[in-house]
>>> print(open('run-v3.pdb').read())   # PDB, C-alpha atoms
ATOM      1  CA  MET A 306     -73.298-254.521-153.330
ATOM      2  CA  THR A 307     -70.921-254.877-150.421
ATOM      3  CA  ALA A 308     -71.122-257.459-147.651
ATOM      4  CA  ALA A 309     -72.058-254.760-145.142
ATOM      5  CA  SER A 310     -75.076-253.731-147.161
ATOM      6  CA  ALA A 311     -76.274-257.323-147.829
ATOM      7  CA  PRO A 312     -79.806-257.957-146.545
ATOM      8  CA  ALA A 313     -80.068-259.963-143.340
ATOM      9  CA  PRO A 314     -81.350-263.534-143.750
ATOM     10  CA  VAL A 315     -84.998-263.910-143.019
ATOM     11  CA  THR A 316     -85.671-266.342-140.149
ATOM     12  CA  GLU A 317     -89.065-267.899-139.779
ATOM     13  CA  ALA A 318     -90.703-267.844-136.378
ATOM     14  CA  PRO A 319     -91.098-271.309-134.809
ATOM     15  CA  PRO A 320     -94.563-272.705-135.187
ATOM     16  CA  ASP A 321     -96.829-272.495-132.207
ATOM     17  CA  PRO A 322     -96.865-275.726-130.179
ATOM     18  CA  VAL A 323     -99.834-277.919-130.805
ATOM     19  CA  PRO A 324    -102.011-277.825-127.704
ATOM     20  CA  VAL A 325    -102.288-281.172-125.918
ATOM     21  CA  PRO A 326    -105.845-282.101-125.080
ATOM     22  CA  ALA A 327    -106.664-282.258-121.398
ATOM     23  CA  ALA A 328    -107.780-285.870-121.747
ATOM     24  CA  LEU A 329    -104.336-286.904-122.988
ATOM     25  CA  LYS A 330    -102.691-285.083-120.081
ATOM     26  CA  ARG A 331    -104.895-286.905-117.600
ATOM     27  CA  ALA A 332    -104.154-290.240-119.285
ATOM     28  CA  ALA A 333    -100.397-289.558-119.082
ATOM     29  CA  ARG A 334    -100.673-288.691-115.394
ATOM     30  CA  ARG A 335    -102.606-291.895-114.752
ATOM     31  CA  ARG A 336     -99.958-293.954-116.513
ATOM     32  CA  ARG A 337     -97.212-292.341-114.432
ATOM     33  CA  SER A 338     -99.121-293.021-111.218
ATOM     34  CA  VAL A 339     -99.727-296.729-111.939
ATOM     35  CA  PRO A 340     -96.319-297.925-110.562
ATOM     36  CA  TYR A 341     -96.866-295.969-107.354
ATOM     37  CA  LEU A 342    -100.345-297.415-106.943
ATOM     38  CA  LEU A 343     -98.933-300.911-107.388
ATOM     39  CA  LEU A 344     -96.360-300.192-104.676
ATOM     40  CA  LEU A 345     -98.964-298.820-102.300
ATOM     41  CA  ALA A 346    -100.002-302.200-100.847
ATOM     42  CA  GLY A 347     -96.397-303.185-100.168
ATOM     43  CA  VAL A 348     -95.581-299.820 -98.621
ATOM     44  CA  VAL A 349     -98.597-299.988 -96.321
ATOM     45  CA  TRP A 350     -97.651-303.538 -95.333
ATOM     46  CA  LEU A 351     -94.098-302.488 -94.451
ATOM     47  CA  LEU A 352     -95.294-299.450 -92.519
ATOM     48  CA  VAL A 353     -97.781-301.433 -90.450
ATOM     49  CA  PHE A 354     -95.827-304.619 -89.846
ATOM     50  CA  PHE A 355     -92.211-303.440 -89.979
ATOM     51  CA  VAL A 356     -91.732-299.712 -89.417
ATOM     52  CA  ALA A 357     -94.362-299.351 -86.675
ATOM     53  CA  PRO A 358     -93.073-302.352 -84.646
ATOM     54  CA  MET A 359     -89.502-301.106 -85.054
ATOM     55  CA  VAL A 360     -90.438-297.671 -83.741
ATOM     56  CA  TYR A 361     -92.303-299.261 -80.837
ATOM     57  CA  GLN A 362     -89.341-301.505 -80.025
ATOM     58  CA  ALA A 363     -86.968-298.547 -80.175
ATOM     59  CA  SER A 364     -89.200-296.703 -77.740
ATOM     60  CA  THR A 365     -89.347-299.740 -75.455
ATOM     61  CA  SER A 366     -85.574-300.130 -75.390
ATOM     62  CA  VAL A 367     -85.083-296.704 -73.730
ATOM     63  CA  GLN A 368     -87.787-297.146 -71.105
ATOM     64  CA  THR A 369     -87.426-297.844 -67.412
ATOM     65  CA  GLY A 370     -89.843-299.256 -64.890
ATOM     66  CA  SER A 371     -91.518-302.580 -64.191
ATOM     67  CA  LEU A 372     -94.657-304.421 -65.131
ATOM     68  CA  ASP A 373     -96.300-303.387 -61.848
ATOM     69  CA  THR A 374     -95.433-299.692 -61.951
ATOM     70  CA  GLY A 375     -95.454-299.388 -65.716
ATOM     71  CA  PHE A 376     -92.755-298.477 -68.196
ATOM     72  CA  LYS A 377     -91.922-294.904 -69.142
ATOM     73  CA  VAL A 378     -89.624-293.473 -71.786
ATOM     74  CA  THR A 379     -86.668-292.031 -69.886
ATOM     75  CA  TRP A 380     -84.085-292.299 -72.701
ATOM     76  CA  HIS A 381     -82.084-294.773 -70.647
ATOM     77  CA  PHE A 382     -79.518-295.780 -73.301
ATOM     78  CA  ALA A 383     -77.416-297.555 -70.673
ATOM     79  CA  THR A 384     -79.728-300.532 -71.191
ATOM     80  CA  TYR A 385     -77.869-301.295 -74.411
ATOM     81  CA  TRP A 386     -74.481-301.381 -72.707
ATOM     82  CA  ASP A 387     -75.788-303.438 -69.793
ATOM     83  CA  ALA A 388     -77.409-305.960 -72.127
ATOM     84  CA  LEU A 389     -74.286-306.256 -74.268
ATOM     85  CA  THR A 390     -71.884-306.708 -71.353
ATOM     86  CA  GLU A 391     -74.097-309.307 -69.691
ATOM     87  CA  TYR A 392     -75.076-311.370 -72.715
ATOM     88  CA  TRP A 393     -72.140-310.996 -75.104
ATOM     89  CA  PRO A 394     -71.303-314.746 -74.866
ATOM     90  CA  HIS A 395     -74.750-315.540 -76.250
ATOM     91  CA  PHE A 396     -74.155-313.145 -79.157
ATOM     92  CA  VAL A 397     -70.845-314.798 -79.968
ATOM     93  CA  ARG A 398     -72.359-318.273 -79.647
ATOM     94  CA  SER A 399     -75.227-317.360 -81.962
ATOM     95  CA  LEU A 400     -72.916-315.991 -84.646
ATOM     96  CA  VAL A 401     -70.584-318.986 -84.401
ATOM     97  CA  TYR A 402     -73.374-321.578 -84.541
ATOM     98  CA  SER A 403     -75.147-319.842 -87.409
ATOM     99  CA  GLY A 404     -71.864-319.357 -89.278
ATOM    100  CA  ILE A 405     -70.955-323.045 -88.977
ATOM    101  CA  ALA A 406     -74.464-324.056 -90.039
ATOM    102  CA  THR A 407     -74.250-321.744 -93.059
ATOM    103  CA  VAL A 408     -70.931-323.242 -94.156
ATOM    104  CA  LEU A 409     -72.324-326.768 -93.757
ATOM    105  CA  CYS A 410     -75.454-325.851 -95.706
ATOM    106  CA  LEU A 411     -73.276-324.502 -98.523
ATOM    107  CA  ALA A 412     -71.072-327.604 -98.522
ATOM    108  CA  ILE A 413     -74.104-329.904 -98.620
ATOM    109  CA  GLY A 414     -76.404-327.781-100.748
ATOM    110  CA  TYR A 415     -74.054-326.816-103.583
ATOM    111  CA  PRO A 416     -73.381-330.361-104.850
ATOM    112  CA  LEU A 417     -77.072-331.159-104.566
ATOM    113  CA  ALA A 418     -78.122-328.001-106.404
ATOM    114  CA  TYR A 419     -75.477-328.678-109.074
ATOM    115  CA  THR A 420     -76.777-332.204-109.545
ATOM    116  CA  ILE A 421     -80.369-331.019-109.835
ATOM    117  CA  ALA A 422     -79.465-328.313-112.354
ATOM    118  CA  PHE A 423     -77.175-330.351-114.641
ATOM    119  CA  ARG A 424     -77.591-334.061-113.921
ATOM    120  CA  ALA A 425     -81.124-334.708-112.682
ATOM    121  CA  GLY A 426     -82.734-334.826-116.100
ATOM    122  CA  ARG A 427     -86.357-335.926-115.962
ATOM    123  CA  TRP A 428     -86.069-336.425-112.194
ATOM    124  CA  ARG A 429     -85.411-332.730-111.621
ATOM    125  CA  ASN A 430     -88.938-331.863-110.500
ATOM    126  CA  VAL A 431     -89.102-334.905-108.240
ATOM    127  CA  VAL A 432     -85.868-333.946-106.471
ATOM    128  CA  LEU A 433     -87.035-330.348-106.105
ATOM    129  CA  VAL A 434     -90.239-331.558-104.468
ATOM    130  CA  LEU A 435     -88.158-333.627-102.053
ATOM    131  CA  VAL A 436     -86.099-330.527-101.217
ATOM    132  CA  ILE A 437     -89.127-328.418-100.347
ATOM    133  CA  ALA A 438     -91.108-331.294 -98.775
ATOM    134  CA  PRO A 439     -89.898-330.441 -95.226
ATOM    135  CA  PHE A 440     -91.716-327.107 -95.512
ATOM    136  CA  PHE A 441     -94.990-329.023 -95.417
ATOM    137  CA  THR A 442     -94.145-330.012 -91.830
ATOM    138  CA  SER A 443     -94.025-327.666 -88.884
ATOM    139  CA  PHE A 444     -90.615-326.242 -87.981
ATOM    140  CA  LEU A 445     -91.206-327.366 -84.411
ATOM    141  CA  ILE A 446     -92.067-330.931 -85.391
ATOM    142  CA  ARG A 447     -88.988-331.204 -87.588
ATOM    143  CA  THR A 448     -86.806-330.092 -84.692
ATOM    144  CA  LEU A 449     -88.518-332.495 -82.298
ATOM    145  CA  ALA A 450     -87.758-335.299 -84.753
ATOM    146  CA  TRP A 451     -84.072-334.566 -84.285
ATOM    147  CA  GLU A 452     -84.487-335.256 -80.585
ATOM    148  CA  THR A 453     -85.338-338.833 -81.538
ATOM    149  CA  ILE A 454     -82.564-339.078 -84.124
ATOM    150  CA  LEU A 455     -79.898-337.804 -81.700
ATOM    151  CA  ALA A 456     -81.169-339.558 -78.570
ATOM    152  CA  ASP A 457     -78.552-341.410 -76.539
ATOM    153  CA  GLN A 458     -79.849-344.869 -77.519
ATOM    154  CA  SER A 459     -80.767-344.049 -81.114
ATOM    155  CA  PRO A 460     -79.302-346.175 -83.942
ATOM    156  CA  LEU A 461     -77.299-343.223 -85.256
ATOM    157  CA  VAL A 462     -75.630-342.402 -81.944
ATOM    158  CA  SER A 463     -74.967-346.078 -81.275
ATOM    159  CA  PHE A 464     -73.294-346.410 -84.685
ATOM    160  CA  LEU A 465     -71.164-343.304 -84.068
ATOM    161  CA  ASN A 466     -70.074-344.760 -80.730
ATOM    162  CA  ASP A 467     -69.205-348.090 -82.344
ATOM    163  CA  ILE A 468     -66.887-346.446 -84.858
ATOM    164  CA  HIS A 469     -65.480-344.110 -82.151
ATOM    165  CA  VAL A 470     -66.429-340.915 -83.964
ATOM    166  CA  LEU A 471     -67.815-339.325 -80.806
ATOM    167  CA  ASP A 472     -64.464-339.753 -79.072
ATOM    168  CA  ALA A 473     -62.914-337.229 -81.471
ATOM    169  CA  THR A 474     -65.844-334.831 -81.217
ATOM    170  CA  THR A 475     -65.658-335.015 -77.418
ATOM    171  CA  TRP A 476     -62.006-333.994 -77.569
ATOM    172  CA  LEU A 477     -62.987-331.073 -79.809
ATOM    173  CA  GLY A 478     -65.720-330.002 -77.390
ATOM    174  CA  LEU A 479     -68.571-330.716 -79.793
ATOM    175  CA  THR A 480     -70.088-333.550 -77.734
ATOM    176  CA  GLU A 481     -70.044-334.697 -74.132
ATOM    177  CA  GLY A 482     -69.026-338.253 -73.394
ATOM    178  CA  HIS A 483     -70.826-340.589 -75.749
ATOM    179  CA  ARG A 484     -73.917-338.500 -76.291
ATOM    180  CA  VAL A 485     -74.911-335.926 -78.887
ATOM    181  CA  MET A 486     -78.022-334.394 -77.375
ATOM    182  CA  ALA A 487     -77.575-331.193 -75.378
ATOM    183  CA  THR A 488     -74.288-330.419 -77.129
ATOM    184  CA  PRO A 489     -73.122-327.840 -79.684
ATOM    185  CA  LEU A 490     -73.120-330.557 -82.359
ATOM    186  CA  ALA A 491     -76.824-331.202 -81.851
ATOM    187  CA  VAL A 492     -77.698-327.505 -82.166
ATOM    188  CA  VAL A 493     -75.606-327.084 -85.317
ATOM    189  CA  CYS A 494     -77.140-330.220 -86.841
ATOM    190  CA  GLY A 495     -80.635-328.876 -86.181
ATOM    191  CA  LEU A 496     -79.803-325.486 -87.675
ATOM    192  CA  THR A 497     -78.198-327.073 -90.733
ATOM    193  CA  TYR A 498     -81.142-329.360 -91.409
ATOM    194  CA  ASN A 499     -83.861-326.770 -90.886
ATOM    195  CA  PHE A 500     -82.260-324.084 -93.057
ATOM    196  CA  LEU A 501     -80.751-326.292 -95.774
ATOM    197  CA  PRO A 502     -83.622-325.693 -98.267
ATOM    198  CA  PHE A 503     -83.001-321.943 -97.992
ATOM    199  CA  MET A 504     -79.526-322.607 -99.370
ATOM    200  CA  ILE A 505     -80.415-325.161-102.037
ATOM    201  CA  LEU A 506     -83.185-323.247-103.795
ATOM    202  CA  PRO A 507     -81.225-320.020-104.537
ATOM    203  CA  LEU A 508     -78.234-322.085-105.618
ATOM    204  CA  TYR A 509     -80.373-324.150-107.977
ATOM    205  CA  THR A 510     -81.997-321.037-109.439
ATOM    206  CA  SER A 511     -78.583-319.486-110.112
ATOM    207  CA  LEU A 512     -77.034-322.662-111.533
ATOM    208  CA  GLU A 513     -79.997-323.277-113.807
ATOM    209  CA  ARG A 514     -79.264-319.983-115.570
ATOM    210  CA  VAL A 515     -75.753-321.092-116.520
ATOM    211  CA  ASP A 516     -75.665-321.866-120.236
ATOM    212  CA  GLY A 517     -74.507-325.434-120.794
ATOM    213  CA  ARG A 518     -72.718-324.360-123.975
ATOM    214  CA  LEU A 519     -70.193-322.566-121.765
ATOM    215  CA  HIS A 520     -69.168-325.936-120.334
ATOM    216  CA  GLU A 521     -68.793-327.329-123.863
ATOM    217  CA  ALA A 522     -66.696-324.335-124.895
ATOM    218  CA  SER A 523     -64.510-324.769-121.831
ATOM    219  CA  GLY A 524     -63.965-328.410-122.717
ATOM    220  CA  ASP A 525     -63.114-327.478-126.307
ATOM    221  CA  LEU A 526     -60.402-325.222-124.882
ATOM    222  CA  TYR A 527     -58.936-328.238-123.063
ATOM    223  CA  ALA A 528     -60.026-327.170-119.597
ATOM    224  CA  THR A 529     -60.402-329.920-117.025
ATOM    225  CA  PRO A 530     -63.785-330.356-115.287
ATOM    226  CA  PHE A 531     -62.358-328.819-112.124
ATOM    227  CA  THR A 532     -61.021-325.817-114.048
ATOM    228  CA  THR A 533     -64.391-325.415-115.755
ATOM    229  CA  PHE A 534     -66.101-325.412-112.382
ATOM    230  CA  ARG A 535     -63.588-322.974-110.872
ATOM    231  CA  LYS A 536     -63.445-320.567-113.821
ATOM    232  CA  VAL A 537     -66.976-320.790-115.236
ATOM    233  CA  THR A 538     -69.610-322.451-113.078
ATOM    234  CA  PHE A 539     -68.794-321.140-109.629
ATOM    235  CA  PRO A 540     -68.298-317.465-110.627
ATOM    236  CA  LEU A 541     -71.596-317.493-112.510
ATOM    237  CA  SER A 542     -73.348-319.027-109.502
ATOM    238  CA  MET A 543     -72.085-316.407-107.039
ATOM    239  CA  PRO A 544     -75.455-314.583-106.878
ATOM    240  CA  GLY A 545     -77.016-317.831-105.649
ATOM    241  CA  VAL A 546     -74.198-318.373-103.162
ATOM    242  CA  VAL A 547     -74.641-314.891-101.727
ATOM    243  CA  ALA A 548     -78.423-315.156-101.574
ATOM    244  CA  GLY A 549     -78.310-318.640-100.051
ATOM    245  CA  THR A 550     -75.811-317.714 -97.351
ATOM    246  CA  LEU A 551     -77.836-314.645 -96.400
ATOM    247  CA  LEU A 552     -81.120-316.564 -96.300
ATOM    248  CA  THR A 553     -79.443-319.155 -94.075
ATOM    249  CA  PHE A 554     -77.265-317.052 -91.794
ATOM    250  CA  ILE A 555     -79.761-314.299 -90.943
ATOM    251  CA  PRO A 556     -82.647-316.466 -89.624
ATOM    252  CA  ALA A 557     -80.241-318.949 -88.030
ATOM    253  CA  SER A 558     -78.638-316.165 -85.986
ATOM    254  CA  GLY A 559     -81.929-315.297 -84.319
ATOM    255  CA  ASP A 560     -83.244-318.848 -84.002
ATOM    256  CA  TYR A 561     -84.016-320.190 -80.537
ATOM    257  CA  ILE A 562     -86.017-323.380 -81.197
ATOM    258  CA  ASN A 563     -83.003-325.560 -82.015
ATOM    259  CA  ALA A 564     -80.997-324.411 -79.013
ATOM    260  CA  GLU A 565     -84.043-324.804 -76.765
ATOM    261  CA  LEU A 566     -84.893-328.364 -77.838
ATOM    262  CA  LEU A 567     -81.526-329.798 -78.859
ATOM    263  CA  GLY A 568     -79.151-327.925 -76.563
ATOM    264  CA  SER A 569     -78.677-327.306 -72.854
ATOM    265  CA  THR A 570     -78.163-324.178 -70.788
ATOM    266  CA  ASN A 571     -74.594-324.068 -72.082
ATOM    267  CA  GLN A 572     -75.764-323.794 -75.689
ATOM    268  CA  LYS A 573     -78.351-321.027 -75.343
ATOM    269  CA  MET A 574     -78.303-318.529 -78.186
ATOM    270  CA  ILE A 575     -79.272-314.877 -78.085
ATOM    271  CA  GLY A 576     -82.723-315.757 -79.408
ATOM    272  CA  ASN A 577     -83.319-317.797 -76.261
ATOM    273  CA  VAL A 578     -82.319-314.828 -74.107
ATOM    274  CA  ILE A 579     -84.634-312.442 -75.981
ATOM    275  CA  GLN A 580     -87.515-314.903 -75.758
ATOM    276  CA  SER A 581     -86.913-315.360 -72.031
ATOM    277  CA  GLN A 582     -86.663-311.621 -71.366
ATOM    278  CA  PHE A 583     -89.899-310.965 -73.220
ATOM    279  CA  LEU A 584     -92.060-313.844 -71.959
ATOM    280  CA  ARG A 585     -90.589-314.979 -68.640
ATOM    281  CA  VAL A 586     -88.562-312.222 -67.013
ATOM    282  CA  LEU A 587     -90.856-309.561 -68.498
ATOM    283  CA  ASP A 588     -87.916-307.167 -68.843
ATOM    284  CA  TYR A 589     -89.111-305.523 -72.041
ATOM    285  CA  PRO A 590     -86.423-302.796 -72.315
ATOM    286  CA  THR A 591     -83.590-305.322 -72.114
ATOM    287  CA  ALA A 592     -85.292-307.617 -74.614
ATOM    288  CA  ALA A 593     -85.826-304.759 -77.052
ATOM    289  CA  ALA A 594     -82.221-303.589 -76.639
ATOM    290  CA  LEU A 595     -80.935-307.106 -77.306
ATOM    291  CA  SER A 596     -83.070-307.295 -80.431
ATOM    292  CA  PHE A 597     -81.635-304.048 -81.775
ATOM    293  CA  ILE A 598     -78.067-305.083 -80.972
ATOM    294  CA  LEU A 599     -78.581-308.375 -82.815
ATOM    295  CA  MET A 600     -80.103-306.582 -85.783
ATOM    296  CA  ALA A 601     -77.215-304.089 -85.916
ATOM    297  CA  ALA A 602     -74.614-306.876 -85.706
ATOM    298  CA  ILE A 603     -76.248-308.886 -88.497
ATOM    299  CA  LEU A 604     -76.632-305.767 -90.640
ATOM    300  CA  ALA A 605     -72.938-304.940 -90.250
ATOM    301  CA  ILE A 606     -71.859-308.497 -91.062
ATOM    302  CA  VAL A 607     -74.153-308.718 -94.081
ATOM    303  CA  THR A 608     -72.962-305.350 -95.422
ATOM    304  CA  LEU A 609     -69.304-306.352 -95.175
ATOM    305  CA  TYR A 610     -70.054-309.742 -96.699
ATOM    306  CA  ILE A 611     -71.889-308.333 -99.714
ATOM    307  CA  ARG A 612     -69.108-305.830-100.373
ATOM    308  CA  ARG A 613     -66.534-308.583-100.075
ATOM    309  CA  ALA A 614     -68.491-310.916-102.350
ATOM    310  CA  GLY A 615     -68.617-308.192-104.982
ATOM    311  CA  THR A 616     -72.044-308.974-106.334
ATOM    312  CA  GLU A 617     -75.308-307.064-106.319
ATOM    313  CA  GLU A 618     -77.359-309.425-108.478
ATOM    314  CA  LEU A 619     -79.008-311.446-105.732
ATOM    315  CA  VAL A 620     -81.366-314.209-106.775
TER     316      VAL A 620
END
>>> encode(input="run-v3.pdb", output="structure tokens")
Amino acid sequence: MTAASAPAPVTEAPPDPVPVPAALKRAARRRRSVPYLLLLAGVVWLLVFFVAPMVYQASTSVQTGSLDTGFKVTWHFATYWDALTEYWPHFVRSLVYSGIATVLCLAIGYPLAYTIAFRAGRWRNVVLVLVIAPFFTSFLIRTLAWETILADQSPLVSFLNDIHVLDATTWLGLTEGHRVMATPLAVVCGLTYNFLPFMILPLYTSLERVDGRLHEASGDLYATPFTTFRKVTFPLSMPGVVAGTLLTFIPASGDYINAELLGSTNQKMIGNVIQSQFLRVLDYPTAAALSFILMAAILAIVTLYIRRAGTEELV
């Protein structure tokens, strides 16, 4: 028998698929829908309290009119340019003050978070309670307390005058004469104090995850403590650094309480202008435009910062 006349191989037909009961199909659909149902509450919350107000503010920013005649949507985008050209110094001042406060919070908070994570021992929980204890007091009351601390005749200011520290800060433009109140230094001190816990807690959470055996291995390889910190600890804590700086810089940029209570008219931030436009001047389009400009500026800065930091694992 030749190869051409060989019988073709017999192939068996695939078995018919086993029908899936309708009950199992419904159970599978329910399981797939569970994550979406869990997200439903959060989505509704964001739509009601974030998206809807944003849409309303966007509509307000392109309106014209007055409180007496009423406001109408006329798509007057020139409001944005007018607001920016008139109040750009307040934008710059807000970003500078919040940036300085963020750097100070990082400089103060990192050593404290490091100590809590690696050196506190059995006192760790006690120190953490002390860090979050200010949250049990009103933000306004905490800021008012700084009015007493930085008053002209307070013990702290008197001590700084005795050691001539305020003379140098006056030359730098941080204080005026021999007083601290109603100066840039007072506003920055208030911002740093009020937002310091927002820096410490993410840093502590990130540092706590660092395996202590890595420090031992670094020491076994003859690395100095500073080299261990620079090569091991700090890189591993970068998610906490990024999260802490964002949680500090973003709310500090829009804050107006510290500048209102601790500063003067020369230290007003953009938050003070927005608050005044909304509640005193009653110029709602300008206030809404300023809010959107501030949000866009912060969003741009944060985006560049995250890309520069090179980390996506935020605490």
>>> resolve_selection(input="run-v3.pdb", expression="the PyMOL selection byres ((chain A and resi 520-525) around 12)", output="list of chain:residue names")
A:Phe423, A:Val515, A:Asp516, A:Gly517, A:Arg518, A:Leu519, A:Leu526, A:Tyr527, A:Ala528, A:Thr529, A:Pro530, A:Phe531, A:Thr532, A:Thr533, A:Phe534, A:Arg535, A:Lys536, A:Val537, A:Thr538, A:Phe539, A:Leu541
>>> resolve_selection(input="run-v3.pdb", expression="the PyMOL selection byres ((chain A and resi 372-377) around 12)", output="list in words")
Ser364, Thr365, Ser366, Val367, Gln368, Thr369, Gly370, Ser371, Val378, Thr379, Trp380, His381, Phe583, Leu584, Arg585, Val586, Leu587, Asp588, Tyr589 and Pro590 of chain A
>>> closest_atom_pairs(input="run-v3.pdb", of="region 532-567 of chain A", to="region 424-445 of chain A", cutoff="10 Å", atoms="all atoms listed in the file", output="Markdown table")
| residue | atom | partner | partner_atom | distance |
| --- | --- | --- | --- | --- |
| A:Ile562 | CA | A:Leu445 | CA | 7.3 |
| A:Asn563 | CA | A:Leu445 | CA | 8.7 |
| A:Leu566 | CA | A:Leu445 | CA | 9.2 |
>>> resolve_selection(input="run-v3.pdb", expression="the PyMOL selection byres ((chain A and resi 409-419) around 12)", output="PyMOL selection string")
chain A and resi 402-408+420-426+429+432-433+435-436+493-515+534+538-539+542-543+545-554+557
>>> atom_distance(input="run-v3.pdb", atom1="CA of Ala601 (chain A)", atom2="CA of Ala487 (chain A)")
29.1 Å
>>> atom_distance(input="run-v3.pdb", atom1="CA of Phe597 (chain A)", atom2="CA of Gln362 (chain A)")
8.3 Å
>>> residues_around(input="run-v3.pdb", residues="Leu471 (chain A)", least_positions_apart="3", cutoff="12 Å", atoms="all atoms listed in the file", output="MDAnalysis selection string")
chainID A and resid 457 461:468 474:486 488 490
>>> axis_aligned_box(input="run-v3.pdb", around="region 436-455 of chain A", padding_each_side="3 Å", output="JSON")
{"center_x": -87.4, "center_y": -332.7, "center_z": -90.9, "size_x": 21.1, "size_y": 18.8, "size_z": 26.6}
>>> atom_distance(input="run-v3.pdb", atom1="CA of Gly576 (chain A)", atom2="CA of Tyr561 (chain A)")
4.8 Å
